[in-house]
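Trainee: So that you have it, the file is work-v9.pdb, and it contains PDB, C-alpha atoms, pLDDT in the B column:
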```
ATOM      1  CA  GLY P  52     134.590-174.196 127.095  1.00 50.00           C
ATOM      2  CA  GLN P  53     134.240-177.866 127.748  1.00 54.00           C
ATOM      3  CA  GLN P  54     135.368-179.054 131.118  1.00 69.00           C
ATOM      4  CA  VAL P  55     136.938-182.316 132.017  1.00 83.00           C
ATOM      5  CA  MET P  56     135.251-183.958 134.969  1.00 89.00           C
ATOM      6  CA  GLN P  57     137.562-185.421 137.563  1.00 92.00           C
ATOM      7  CA  ILE P  58     136.750-187.882 140.330  1.00 94.00           C
ATOM      8  CA  PRO P  59     137.025-188.421 143.177  1.00 95.00           C
ATOM      9  CA  GLN P  60     137.403-184.999 144.709  1.00 93.00           C
ATOM     10  CA  TYR P  61     139.188-186.368 147.762  1.00 95.00           C
ATOM     11  CA  GLN P  62     140.925-189.621 148.534  1.00 97.00           C
ATOM     12  CA  HIS P  63     142.479-190.620 151.822  1.00 97.00           C
ATOM     13  CA  VAL P  64     144.574-193.776 151.830  1.00 97.00           C
ATOM     14  CA  GLN P  65     146.815-195.676 154.150  1.00 97.00           C
ATOM     15  CA  GLU P  66     150.440-195.631 153.108  1.00 97.00           C
ATOM     16  CA  GLY P  67     151.065-198.597 150.845  1.00 97.00           C
ATOM     17  CA  GLU P  68     147.568-198.642 149.385  1.00 98.00           C
ATOM     18  CA  ASP P  69     146.910-197.885 145.748  1.00 98.00           C
ATOM     19  CA  PHE P  70     145.222-194.738 144.469  1.00 97.00           C
ATOM     20  CA  THR P  71     143.441-193.876 141.239  1.00 98.00           C
ATOM     21  CA  THR P  72     141.967-190.658 139.903  1.00 97.00           C
ATOM     22  CA  TYR P  73     139.860-190.394 136.764  1.00 97.00           C
ATOM     23  CA  CYS P  74     139.186-187.716 134.183  1.00 95.00           C
ATOM     24  CA  ASN P  75     136.246-187.814 131.816  1.00 94.00           C
ATOM     25  CA  SER P  76     135.298-185.662 128.880  1.00 90.00           C
ATOM     26  CA  SER P  77     132.118-185.640 126.844  1.00 86.00           C
ATOM     27  CA  THR P  78     134.136-184.846 123.744  1.00 87.00           C
ATOM     28  CA  THR P  79     137.181-186.445 122.201  1.00 90.00           C
ATOM     29  CA  LEU P  80     140.435-184.976 123.409  1.00 90.00           C
ATOM     30  CA  SER P  81     143.469-184.509 121.192  1.00 91.00           C
ATOM     31  CA  ASN P  82     145.610-185.081 124.255  1.00 92.00           C
ATOM     32  CA  ILE P  83     145.470-184.829 128.019  1.00 93.00           C
ATOM     33  CA  GLN P  84     147.952-183.653 130.590  1.00 94.00           C
ATOM     34  CA  TRP P  85     148.413-184.472 134.262  1.00 96.00           C
ATOM     35  CA  TYR P  86     149.766-182.181 136.960  1.00 96.00           C
ATOM     36  CA  LYS P  87     150.625-182.541 140.630  1.00 97.00           C
ATOM     37  CA  GLN P  88     150.351-179.766 143.173  1.00 96.00           C
ATOM     38  CA  ARG P  89     152.033-180.299 146.506  1.00 96.00           C
ATOM     39  CA  PRO P  90     150.520-178.537 149.531  1.00 93.00           C
ATOM     40  CA  GLY P  91     151.604-174.899 149.424  1.00 90.00           C
ATOM     41  CA  GLY P  92     153.066-175.254 145.950  1.00 92.00           C
ATOM     42  CA  HIS P  93     151.968-174.692 142.402  1.00 92.00           C
ATOM     43  CA  PRO P  94     150.983-177.363 139.864  1.00 94.00           C
ATOM     44  CA  VAL P  95     153.850-179.140 138.174  1.00 95.00           C
ATOM     45  CA  PHE P  96     153.581-180.948 134.857  1.00 95.00           C
ATOM     46  CA  LEU P  97     153.770-184.739 135.114  1.00 97.00           C
ATOM     47  CA  ILE P  98     152.955-186.120 131.698  1.00 96.00           C
ATOM     48  CA  GLN P  99     151.085-185.725 128.445  1.00 95.00           C
ATOM     49  CA  LEU P 100     149.156-188.520 126.716  1.00 96.00           C
ATOM     50  CA  VAL P 101     148.407-188.265 123.022  1.00 95.00           C
ATOM     51  CA  LYS P 102     147.586-191.638 121.502  1.00 96.00           C
ATOM     52  CA  SER P 103     144.419-193.626 121.870  1.00 97.00           C
ATOM     53  CA  GLY P 104     144.909-196.342 124.479  1.00 97.00           C
ATOM     54  CA  GLU P 105     148.280-194.967 125.477  1.00 97.00           C
ATOM     55  CA  VAL P 106     149.813-196.120 128.745  1.00 98.00           C
ATOM     56  CA  LYS P 107     152.821-194.434 130.292  1.00 98.00           C
ATOM     57  CA  LYS P 108     154.617-195.170 133.518  1.00 97.00           C
ATOM     58  CA  GLN P 109     156.709-193.043 135.823  1.00 97.00           C
ATOM     59  CA  LYS P 110     157.999-195.263 138.606  1.00 96.00           C
ATOM     60  CA  ARG P 111     154.907-196.033 140.697  1.00 98.00           C
ATOM     61  CA  LEU P 112     152.616-193.826 138.584  1.00 98.00           C
ATOM     62  CA  THR P 113     150.717-195.268 135.631  1.00 98.00           C
ATOM     63  CA  PHE P 114     148.849-192.992 133.247  1.00 98.00           C
ATOM     64  CA  GLN P 115     146.268-194.212 130.758  1.00 98.00           C
ATOM     65  CA  PHE P 116     144.414-192.563 127.911  1.00 97.00           C
ATOM     66  CA  GLY P 117     141.184-194.238 126.877  1.00 97.00           C
ATOM     67  CA  GLU P 118     140.638-195.849 123.517  1.00 96.00           C
ATOM     68  CA  ALA P 119     138.033-193.243 122.626  1.00 95.00           C
ATOM     69  CA  LYS P 120     140.279-190.464 123.952  1.00 94.00           C
ATOM     70  CA  LYS P 121     137.507-189.273 126.223  1.00 93.00           C
ATOM     71  CA  ASN P 122     138.880-190.426 129.534  1.00 95.00           C
ATOM     72  CA  SER P 123     142.124-190.826 131.351  1.00 96.00           C
ATOM     73  CA  SER P 124     143.364-192.158 134.638  1.00 98.00           C
ATOM     74  CA  LEU P 125     146.310-191.828 136.951  1.00 98.00           C
ATOM     75  CA  HIS P 126     147.092-194.794 139.159  1.00 98.00           C
ATOM     76  CA  ILE P 127     149.642-194.770 141.963  1.00 98.00           C
ATOM     77  CA  THR P 128     150.834-198.110 143.257  1.00 98.00           C
ATOM     78  CA  ALA P 129     151.765-198.438 146.924  1.00 98.00           C
ATOM     79  CA  THR P 130     151.346-194.812 147.883  1.00 97.00           C
ATOM     80  CA  GLN P 131     153.954-193.025 149.941  1.00 97.00           C
ATOM     81  CA  THR P 132     153.674-189.865 152.005  1.00 96.00           C
ATOM     82  CA  THR P 133     155.540-188.044 149.262  1.00 96.00           C
ATOM     83  CA  ASP P 134     152.563-188.637 146.963  1.00 97.00           C
ATOM     84  CA  VAL P 135     150.426-186.253 149.004  1.00 98.00           C
ATOM     85  CA  GLY P 136     148.980-183.427 146.955  1.00 97.00           C
ATOM     86  CA  THR P 137     146.312-182.580 144.452  1.00 96.00           C
ATOM     87  CA  TYR P 138     146.358-184.185 141.032  1.00 97.00           C
ATOM     88  CA  PHE P 139     144.844-182.352 138.097  1.00 94.00           C
ATOM     89  CA  CYS P 140     144.096-183.278 134.529  1.00 93.00           C
ATOM     90  CA  ALA P 141     143.863-180.684 131.790  1.00 90.00           C
ATOM     91  CA  GLY P 142     143.005-180.676 128.107  1.00 83.00           C
ATOM     92  CA  PRO P 143     144.351-178.254 125.517  1.00 76.00           C
ATOM     93  CA  ASP P 144     141.230-178.647 123.425  1.00 71.00           C
ATOM     94  CA  ASN P 145     139.375-176.403 125.807  1.00 63.00           C
ATOM     95  CA  ASP P 146     142.022-173.742 126.217  1.00 75.00           C
ATOM     96  CA  MET P 147     143.696-175.551 129.094  1.00 80.00           C
ATOM     97  CA  ARG P 148     140.786-175.827 131.442  1.00 82.00           C
ATOM     98  CA  PHE P 149     141.479-178.080 134.357  1.00 86.00           C
ATOM     99  CA  GLY P 150     139.534-180.742 136.085  1.00 83.00           C
ATOM    100  CA  ALA P 151     138.603-179.944 139.683  1.00 88.00           C
ATOM    101  CA  GLY P 152     141.463-182.065 140.935  1.00 93.00           C
ATOM    102  CA  THR P 153     141.730-184.994 143.312  1.00 95.00           C
ATOM    103  CA  ARG P 154     143.261-184.254 146.658  1.00 96.00           C
ATOM    104  CA  LEU P 155     145.227-187.202 147.971  1.00 97.00           C
ATOM    105  CA  THR P 156     146.154-187.574 151.598  1.00 97.00           C
ATOM    106  CA  VAL P 157     148.259-190.471 152.848  1.00 97.00           C
ATOM    107  CA  LYS P 158     148.258-191.752 156.395  1.00 94.00           C
ATOM    108  CA  PRO P 159     151.650-193.092 157.450  1.00 92.00           C
TER     109      PRO P 159
ATOM    110  CA  ASP N 558     162.019-175.364 131.296  1.00 77.00           C
ATOM    111  CA  VAL N 559     160.227-172.071 131.172  1.00 83.00           C
ATOM    112  CA  LYS N 560     160.663-169.752 134.120  1.00 91.00           C
ATOM    113  CA  VAL N 561     157.510-167.849 134.996  1.00 95.00           C
ATOM    114  CA  THR N 562     157.924-164.988 137.430  1.00 96.00           C
ATOM    115  CA  GLN N 563     155.052-163.277 139.187  1.00 96.00           C
ATOM    116  CA  SER N 564     155.936-159.886 140.593  1.00 89.00           C
ATOM    117  CA  SER N 565     154.066-160.112 143.879  1.00 90.00           C
ATOM    118  CA  ARG N 566     153.782-163.148 146.119  1.00 93.00           C
ATOM    119  CA  TYR N 567     151.516-161.591 148.732  1.00 95.00           C
ATOM    120  CA  LEU N 568     149.274-158.553 148.591  1.00 96.00           C
ATOM    121  CA  VAL N 569     146.733-157.072 150.953  1.00 97.00           C
ATOM    122  CA  LYS N 570     144.359-154.497 149.540  1.00 97.00           C
ATOM    123  CA  ARG N 571     141.239-152.678 150.609  1.00 97.00           C
ATOM    124  CA  THR N 572     137.989-152.933 148.726  1.00 97.00           C
ATOM    125  CA  GLY N 573     137.982-150.647 145.731  1.00 97.00           C
ATOM    126  CA  GLU N 574     141.724-150.444 145.289  1.00 97.00           C
ATOM    127  CA  LYS N 575     143.384-151.304 141.992  1.00 97.00           C
ATOM    128  CA  VAL N 576     145.664-154.283 141.691  1.00 97.00           C
ATOM    129  CA  PHE N 577     148.149-154.965 138.946  1.00 96.00           C
ATOM    130  CA  LEU N 578     149.622-158.461 138.837  1.00 97.00           C
ATOM    131  CA  GLU N 579     152.554-158.801 136.533  1.00 96.00           C
ATOM    132  CA  CYS N 580     153.835-162.003 135.020  1.00 97.00           C
ATOM    133  CA  VAL N 581     156.949-162.525 132.938  1.00 96.00           C
ATOM    134  CA  GLN N 582     158.178-165.619 131.113  1.00 95.00           C
ATOM    135  CA  ASP N 583     161.706-166.096 129.860  1.00 92.00           C
ATOM    136  CA  MET N 584     161.239-168.223 126.745  1.00 85.00           C
ATOM    137  CA  ASP N 585     159.357-166.098 124.208  1.00 85.00           C
ATOM    138  CA  HIS N 586     156.360-168.437 124.187  1.00 89.00           C
ATOM    139  CA  GLU N 587     153.057-167.286 122.819  1.00 89.00           C
ATOM    140  CA  ASN N 588     150.461-168.879 125.059  1.00 92.00           C
ATOM    141  CA  MET N 589     149.903-167.462 128.529  1.00 95.00           C
ATOM    142  CA  PHE N 590     147.079-167.879 131.015  1.00 95.00           C
ATOM    143  CA  TRP N 591     145.777-166.469 134.277  1.00 97.00           C
ATOM    144  CA  TYR N 592     143.944-168.723 136.736  1.00 96.00           C
ATOM    145  CA  ARG N 593     142.631-168.254 140.201  1.00 96.00           C
ATOM    146  CA  GLN N 594     142.631-171.083 142.672  1.00 95.00           C
ATOM    147  CA  ASP N 595     140.223-171.334 145.578  1.00 93.00           C
ATOM    148  CA  PRO N 596     139.657-174.224 147.992  1.00 87.00           C
ATOM    149  CA  GLY N 597     137.144-176.675 146.616  1.00 82.00           C
ATOM    150  CA  LEU N 598     136.901-174.881 143.265  1.00 85.00           C
ATOM    151  CA  GLY N 599     140.101-175.983 141.601  1.00 87.00           C
ATOM    152  CA  LEU N 600     141.792-173.863 138.950  1.00 91.00           C
ATOM    153  CA  ARG N 601     139.486-171.490 137.152  1.00 92.00           C
ATOM    154  CA  LEU N 602     140.564-169.793 133.950  1.00 93.00           C
ATOM    155  CA  ILE N 603     140.225-166.003 134.003  1.00 96.00           C
ATOM    156  CA  TYR N 604     141.856-164.894 130.763  1.00 96.00           C
ATOM    157  CA  PHE N 605     144.330-166.213 128.266  1.00 94.00           C
ATOM    158  CA  SER N 606     146.398-164.889 125.414  1.00 95.00           C
ATOM    159  CA  TYR N 607     147.854-166.638 122.412  1.00 92.00           C
ATOM    160  CA  ASP N 608     149.857-163.699 121.109  1.00 92.00           C
ATOM    161  CA  VAL N 609     150.828-160.105 121.709  1.00 92.00           C
ATOM    162  CA  LYS N 610     147.826-157.811 122.019  1.00 89.00           C
ATOM    163  CA  MET N 611     145.527-160.787 121.850  1.00 92.00           C
ATOM    164  CA  LYS N 612     143.310-161.783 124.758  1.00 94.00           C
ATOM    165  CA  GLU N 613     140.414-164.138 125.263  1.00 94.00           C
ATOM    166  CA  LYS N 614     138.003-164.452 128.152  1.00 95.00           C
ATOM    167  CA  GLY N 615     138.089-167.581 130.223  1.00 92.00           C
ATOM    168  CA  ASP N 616     135.336-168.807 132.482  1.00 91.00           C
ATOM    169  CA  ILE N 617     135.371-166.017 135.068  1.00 95.00           C
ATOM    170  CA  PRO N 618     136.554-162.770 133.424  1.00 97.00           C
ATOM    171  CA  GLU N 619     134.166-160.466 135.285  1.00 97.00           C
ATOM    172  CA  GLY N 620     136.031-157.949 137.397  1.00 97.00           C
ATOM    173  CA  TYR N 621     139.316-158.593 135.611  1.00 98.00           C
ATOM    174  CA  SER N 622     141.176-157.351 132.574  1.00 97.00           C
ATOM    175  CA  VAL N 623     144.522-158.256 131.055  1.00 97.00           C
ATOM    176  CA  SER N 624     147.294-156.682 129.068  1.00 96.00           C
ATOM    177  CA  ARG N 625     149.737-158.310 126.658  1.00 96.00           C
ATOM    178  CA  GLU N 626     151.869-155.559 125.157  1.00 94.00           C
ATOM    179  CA  LYS N 627     154.974-157.733 124.876  1.00 94.00           C
ATOM    180  CA  LYS N 628     155.194-161.442 124.310  1.00 94.00           C
ATOM    181  CA  GLU N 629     157.013-162.174 127.540  1.00 95.00           C
ATOM    182  CA  ARG N 630     154.656-160.194 129.762  1.00 96.00           C
ATOM    183  CA  PHE N 631     151.030-160.927 130.621  1.00 97.00           C
ATOM    184  CA  SER N 632     149.441-158.749 133.268  1.00 97.00           C
ATOM    185  CA  LEU N 633     146.235-159.220 135.205  1.00 98.00           C
ATOM    186  CA  ILE N 634     144.412-156.100 136.320  1.00 98.00           C
ATOM    187  CA  LEU N 635     141.756-155.757 138.979  1.00 97.00           C
ATOM    188  CA  GLU N 636     140.417-152.240 138.520  1.00 94.00           C
ATOM    189  CA  SER N 637     138.396-152.124 141.713  1.00 97.00           C
ATOM    190  CA  THR N 638     138.908-155.029 144.041  1.00 97.00           C
ATOM    191  CA  SER N 639     136.159-156.707 145.990  1.00 97.00           C
ATOM    192  CA  THR N 640     136.370-159.171 148.846  1.00 97.00           C
ATOM    193  CA  ASN N 641     135.306-162.053 146.601  1.00 97.00           C
ATOM    194  CA  GLN N 642     138.521-161.559 144.653  1.00 98.00           C
ATOM    195  CA  THR N 643     140.539-162.760 147.600  1.00 98.00           C
ATOM    196  CA  SER N 644     142.340-165.709 146.088  1.00 97.00           C
ATOM    197  CA  MET N 645     145.546-167.252 144.823  1.00 97.00           C
ATOM    198  CA  TYR N 646     146.314-166.064 141.298  1.00 98.00           C
ATOM    199  CA  LEU N 647     148.464-168.222 139.072  1.00 97.00           C
ATOM    200  CA  CYS N 648     150.140-167.123 135.864  1.00 97.00           C
ATOM    201  CA  VAL N 649     150.939-169.880 133.403  1.00 95.00           C
ATOM    202  CA  CYS N 650     152.958-170.182 130.223  1.00 94.00           C
ATOM    203  CA  ARG N 651     152.633-173.020 127.733  1.00 92.00           C
ATOM    204  CA  GLY N 652     155.850-174.556 126.465  1.00 89.00           C
ATOM    205  CA  LEU N 653     156.627-175.820 122.989  1.00 87.00           C
ATOM    206  CA  ALA N 654     155.535-179.374 123.777  1.00 86.00           C
ATOM    207  CA  GLY N 655     152.255-178.104 125.194  1.00 87.00           C
ATOM    208  CA  GLU N 656     153.038-178.479 128.863  1.00 90.00           C
ATOM    209  CA  LEU N 657     152.188-175.686 131.263  1.00 92.00           C
ATOM    210  CA  PHE N 658     154.672-173.908 133.481  1.00 94.00           C
ATOM    211  CA  PHE N 659     153.280-172.132 136.513  1.00 95.00           C
ATOM    212  CA  GLY N 660     154.478-169.108 138.378  1.00 95.00           C
ATOM    213  CA  GLU N 661     154.772-169.253 142.159  1.00 94.00           C
ATOM    214  CA  GLY N 662     151.414-167.542 142.548  1.00 95.00           C
ATOM    215  CA  SER N 663     150.198-164.261 143.984  1.00 96.00           C
ATOM    216  CA  ARG N 664     148.054-164.501 147.073  1.00 96.00           C
ATOM    217  CA  LEU N 665     145.709-161.547 147.203  1.00 97.00           C
ATOM    218  CA  THR N 666     143.673-160.637 150.255  1.00 97.00           C
ATOM    219  CA  VAL N 667     141.027-157.966 149.888  1.00 97.00           C
ATOM    220  CA  LEU N 668     139.766-156.466 153.124  1.00 96.00           C
TER     221      LEU N 668
END
```
Is it possible to express this structure as structure tokens?
Mentor:
Amino acid sequence: GQQVMQIPQYQHVQEGEDFTTYCNSSTTLSNIQWYKQRPGGHPVFLIQLVKSGEVKKQKRLTFQFGEAKKNSSLHITATQTTDVGTYFCAGPDNDMRFGAGTRLTVKP
Amino acid sequence: DVKVTQSSRYLVKRTGEKVFLECVQDMDHENMFWYRQDPGLGLRLIYFSYDVKMKEKGDIPEGYSVSREKKERFSLILESTSTNQTSMYLCVCRGLAGELFFGEGSRLTVL
């Protein structure tokens, strides 16, 4: 199945800095989902994007779906230590295969 | 939300032993998945099922099999474990809106 490529693999930021992770697909996606996995936990659903160019916000998190529906991003404004974890994207078009994830660490 | 329960949180087995990982969901959903998660490799799809008695291979099915005799139950079977199967195994159920609900995971160590 097709994979979604996710970058970067790791990101270390100072608390208060912004953070962005990107997902890219070579094929058009019907929708894309984002998950967060805290250290020692299991992935938890954050959001699903369906429409071309869609932008959704959850407090300091902004999710975007590209116009061509081949890429997506998750942006966190002013990171906090509670944002630590690994963020995954996943697409149902490929039987829910996940990107490799971006591991975010935040220095207080 | 869907509750996904994995029967074993931690297991330690010796090479060659059989392992049976059971997973139960409480919402009568059709789509269920098994992943393994290893450091640096993300979540890799082993098998999935979209209905009772239906199963499809994921990306890494070798050394694994599955059973879906009832809709709420999706089991992962390791007939003869090897050390490279030491991993965290995650059972997942897809909800009506398409979102995935994860079990707590089963950490298997094969000695």
Trainee: With distances taken over only C-alpha atoms, which of N:Glu574, N:Glu619, N:Glu636, N:Glu613 is nearest to chain P?
Mentor: N:Glu613
Trainee: So how many Å separate atom CA of P:Lys158 and atom CA of P:Phe114, to one decimal?
Mentor: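 A separation of 23.2 Å between them.
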Trainee: Where does chain N meet chain P within 12 Å, residue by residue, with the nearest atom pair and distance in Å to one decimal for each, counting all atoms listed in the file, listed by chain and rising number, as CSV?
Mentor:
```
residue,atom,partner,partner_atom,distance
N:Asp558,CA,P:Phe96,CA,10.7
N:Val559,CA,P:Phe96,CA,11.7
N:Val561,CA,P:His93,CA,11.5
N:Asn588,CA,P:Asp146,CA,9.8
N:Met589,CA,P:Met147,CA,10.2
N:Phe590,CA,P:Met147,CA,8.6
N:Trp591,CA,P:Met147,CA,10.7
N:Tyr592,CA,P:Arg148,CA,9.4
N:Arg593,CA,P:Phe149,CA,11.5
N:Gln594,CA,P:His93,CA,10.0
N:Asp595,CA,P:Ala151,CA,10.6
N:Pro596,CA,P:Ala151,CA,10.1
N:Gly597,CA,P:Ala151,CA,7.8
N:Leu598,CA,P:Ala151,CA,6.4
N:Gly599,CA,P:Ala151,CA,4.6
N:Leu600,CA,P:Phe149,CA,6.2
N:Arg601,CA,P:Arg148,CA,7.3
N:Leu602,CA,P:Arg148,CA,6.5
N:Ile603,CA,P:Arg148,CA,10.2
N:Tyr604,CA,P:Asp146,CA,9.9
N:Phe605,CA,P:Asp146,CA,8.1
N:Ser606,CA,P:Asp146,CA,9.9
N:Tyr607,CA,P:Asp146,CA,9.9
N:Glu613,CA,P:Asp146,CA,9.8
N:Lys614,CA,P:Asp146,CA,10.3
N:Gly615,CA,P:Gly52,CA,8.1
N:Asp616,CA,P:Gly52,CA,7.7
N:Ile617,CA,P:Gly52,CA,11.4
N:Met645,CA,P:His93,CA,10.1
N:Tyr646,CA,P:His93,CA,10.4
N:Leu647,CA,P:His93,CA,8.1
N:Cys648,CA,P:His93,CA,10.2
N:Val649,CA,P:Pro94,CA,9.9
N:Cys650,CA,P:Met147,CA,10.8
N:Arg651,CA,P:Met147,CA,9.4
N:Gly652,CA,P:Phe96,CA,10.8
N:Ala654,CA,P:Gln99,CA,9.1
N:Gly655,CA,P:Pro143,CA,7.9
N:Glu656,CA,P:Phe96,CA,6.5
N:Leu657,CA,P:Phe96,CA,6.5
N:Phe658,CA,P:Val95,CA,7.1
N:Phe659,CA,P:His93,CA,6.6
N:Gly660,CA,P:His93,CA,7.3
N:Glu661,CA,P:His93,CA,6.1
N:Gly662,CA,P:His93,CA,7.2
N:Ser663,CA,P:His93,CA,10.7
N:Arg664,CA,P:Gly91,CA,11.2
```
Trainee: Rounded to one decimal in Å, what is the spacing between atom CA of N:Leu665 and atom CA of N:Phe577?
Mentor: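 Value for the atom CA of N:Leu665-atom CA of N:Phe577 distance: 10.8 Å.
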Trainee: For the file shown, what are the residues hit by the PyMOL selection byres ((chain P and resi 111) around 7), laid out as a VMD selection string?
Mentor: chain P and resid 109 to 110 112 to 113 127 to 128
Trainee: For the file shown, report as number ranges by chain the outcome of the PyMOL selection byres ((chain P and resi 157) around 10) at residue level.
Mentor: P: 62-68, 70, 130-136, 155-156, 158-159
Trainee: Let me see the file: selected residues, C-alpha atoms, as a PDB file, keeping the file's coordinate frame.
Mentor:
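Result file again35.pdb:
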```pdb
ATOM      1  CA  GLN P  62     140.925-189.621 148.534  1.00 97.00           C
ATOM      2  CA  HIS P  63     142.479-190.620 151.822  1.00 97.00           C
ATOM      3  CA  VAL P  64     144.574-193.776 151.830  1.00 97.00           C
ATOM      4  CA  GLN P  65     146.815-195.676 154.150  1.00 97.00           C
ATOM      5  CA  GLU P  66     150.440-195.631 153.108  1.00 97.00           C
ATOM      6  CA  GLY P  67     151.065-198.597 150.845  1.00 97.00           C
ATOM      7  CA  GLU P  68     147.568-198.642 149.385  1.00 98.00           C
ATOM      8  CA  PHE P  70     145.222-194.738 144.469  1.00 97.00           C
ATOM      9  CA  THR P 130     151.346-194.812 147.883  1.00 97.00           C
ATOM     10  CA  GLN P 131     153.954-193.025 149.941  1.00 97.00           C
ATOM     11  CA  THR P 132     153.674-189.865 152.005  1.00 96.00           C
ATOM     12  CA  THR P 133     155.540-188.044 149.262  1.00 96.00           C
ATOM     13  CA  ASP P 134     152.563-188.637 146.963  1.00 97.00           C
ATOM     14  CA  VAL P 135     150.426-186.253 149.004  1.00 98.00           C
ATOM     15  CA  GLY P 136     148.980-183.427 146.955  1.00 97.00           C
ATOM     16  CA  LEU P 155     145.227-187.202 147.971  1.00 97.00           C
ATOM     17  CA  THR P 156     146.154-187.574 151.598  1.00 97.00           C
ATOM     18  CA  LYS P 158     148.258-191.752 156.395  1.00 94.00           C
ATOM     19  CA  PRO P 159     151.650-193.092 157.450  1.00 92.00           C
TER      20      PRO P 159
END
```
Trainee: Taking the file as I've supplied it (selection: the PyMOL selection byres ((chain N and resi 630-634) around 6)), which residues are included? Please answer as an NGL selection string.
Mentor: :N and (576-581 or 621-625 or 627-629 or 635-636)
Trainee: Grab the atom CA of P:Pro59 to atom CA of P:Tyr73 distance for me, in Å with one decimal place.
Mentor: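 If I compute the distance from atom CA of P:Pro59 to atom CA of P:Tyr73, I get 7.3 Å.
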Trainee: Have a look at N:His586, N:Lys560, N:Arg566, N:Arg571 and name the one nearest to N:Asn641; count all atoms listed in the file.
Mentor: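 The shortest atom-to-atom distance to N:Asn641 comes from N:Arg571.
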Trainee: Taking all atoms of stretch 601-610 of chain N that appear in the file, build a box with edges along x, y and z, extend it by 8 Å on every side, and state its centre and edge lengths in Å to one decimal, as lines of an AutoDock Vina configuration file.
Mentor:
```
center_x = 145.2
center_y = -164.7
center_z = 129.1
size_x = 27.3
size_y = 29.7
size_z = 32.0
```
Trainee: With distances taken over only C-alpha atoms, which residue among P:Lys121, P:Ala129, P:Lys108, P:Gln115 lies nearest P:Thr79?
Mentor: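 Of P:Lys121, P:Ala129, P:Lys108, P:Gln115, the one nearest P:Thr79, counting only C-alpha atoms, is P:Lys121.
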Trainee: Ranking P:Val55, P:Cys140, P:Leu125, P:Glu118 by minimum distance to P:Thr78 and counting all atoms listed in the file, which one comes first?
Mentor: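 Of the candidates, the smallest distance to P:Thr78 is held by P:Val55.
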Trainee: For stretch 658-662 of chain N of the structure just presented, write all heavy atoms to a file, as a PDB file, in the first residue's frame.
Mentor:
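Saved as selection30.pdb:
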```pdb
ATOM      1  N   PHE N 658      -9.307   3.929  17.124  1.00  0.00           N
ATOM      2  CA  PHE N 658      -9.213   3.816  18.566  1.00  0.00           C
ATOM      3  C   PHE N 658      -8.235   2.692  18.882  1.00  0.00           C
ATOM      4  O   PHE N 658      -8.397   1.569  18.394  1.00  0.00           O
ATOM      5  CB  PHE N 658     -10.582   3.518  19.173  1.00  0.00           C
ATOM      6  CG  PHE N 658     -11.572   4.620  18.957  1.00  0.00           C
ATOM      7  CD1 PHE N 658     -12.438   4.564  17.876  1.00  0.00           C
ATOM      8  CD2 PHE N 658     -11.622   5.705  19.811  1.00  0.00           C
ATOM      9  CE1 PHE N 658     -13.355   5.586  17.653  1.00  0.00           C
ATOM     10  CE2 PHE N 658     -12.533   6.726  19.596  1.00  0.00           C
ATOM     11  CZ  PHE N 658     -13.398   6.668  18.519  1.00  0.00           C
ATOM     12  N   PHE N 659      -7.255   3.008  19.696  1.00  0.00           N
ATOM     13  CA  PHE N 659      -6.181   2.069  19.994  1.00  0.00           C
ATOM     14  C   PHE N 659      -6.390   1.384  21.332  1.00  0.00           C
ATOM     15  O   PHE N 659      -6.896   1.993  22.291  1.00  0.00           O
ATOM     16  CB  PHE N 659      -4.840   2.805  20.054  1.00  0.00           C
ATOM     17  CG  PHE N 659      -4.289   3.201  18.709  1.00  0.00           C
ATOM     18  CD1 PHE N 659      -4.842   4.257  17.999  1.00  0.00           C
ATOM     19  CD2 PHE N 659      -3.219   2.515  18.158  1.00  0.00           C
ATOM     20  CE1 PHE N 659      -4.342   4.626  16.755  1.00  0.00           C
ATOM     21  CE2 PHE N 659      -2.705   2.878  16.914  1.00  0.00           C
ATOM     22  CZ  PHE N 659      -3.268   3.931  16.225  1.00  0.00           C
ATOM     23  N   GLY N 660      -5.981   0.125  21.389  1.00  0.00           N
ATOM     24  CA  GLY N 660      -5.856  -0.533  22.674  1.00  0.00           C
ATOM     25  C   GLY N 660      -4.619  -0.029  23.402  1.00  0.00           C
ATOM     26  O   GLY N 660      -3.830   0.743  22.844  1.00  0.00           O
ATOM     27  N   GLU N 661      -4.439  -0.483  24.637  1.00  0.00           N
ATOM     28  CA  GLU N 661      -3.316  -0.034  25.448  1.00  0.00           C
ATOM     29  C   GLU N 661      -1.993  -0.615  24.969  1.00  0.00           C
ATOM     30  O   GLU N 661      -0.937  -0.126  25.328  1.00  0.00           O
ATOM     31  CB  GLU N 661      -3.531  -0.406  26.910  1.00  0.00           C
ATOM     32  CG  GLU N 661      -4.705   0.309  27.572  1.00  0.00           C
ATOM     33  CD  GLU N 661      -4.420   1.788  27.739  1.00  0.00           C
ATOM     34  OE1 GLU N 661      -3.244   2.164  27.918  1.00  0.00           O
ATOM     35  OE2 GLU N 661      -5.389   2.579  27.685  1.00  0.00           O
ATOM     36  N   GLY N 662      -2.055  -1.670  24.188  1.00  0.00           N
ATOM     37  CA  GLY N 662      -0.838  -2.281  23.669  1.00  0.00           C
ATOM     38  C   GLY N 662      -0.420  -3.503  24.455  1.00  0.00           C
ATOM     39  O   GLY N 662      -0.713  -3.628  25.656  1.00  0.00           O
TER      40      GLY N 662
END
```
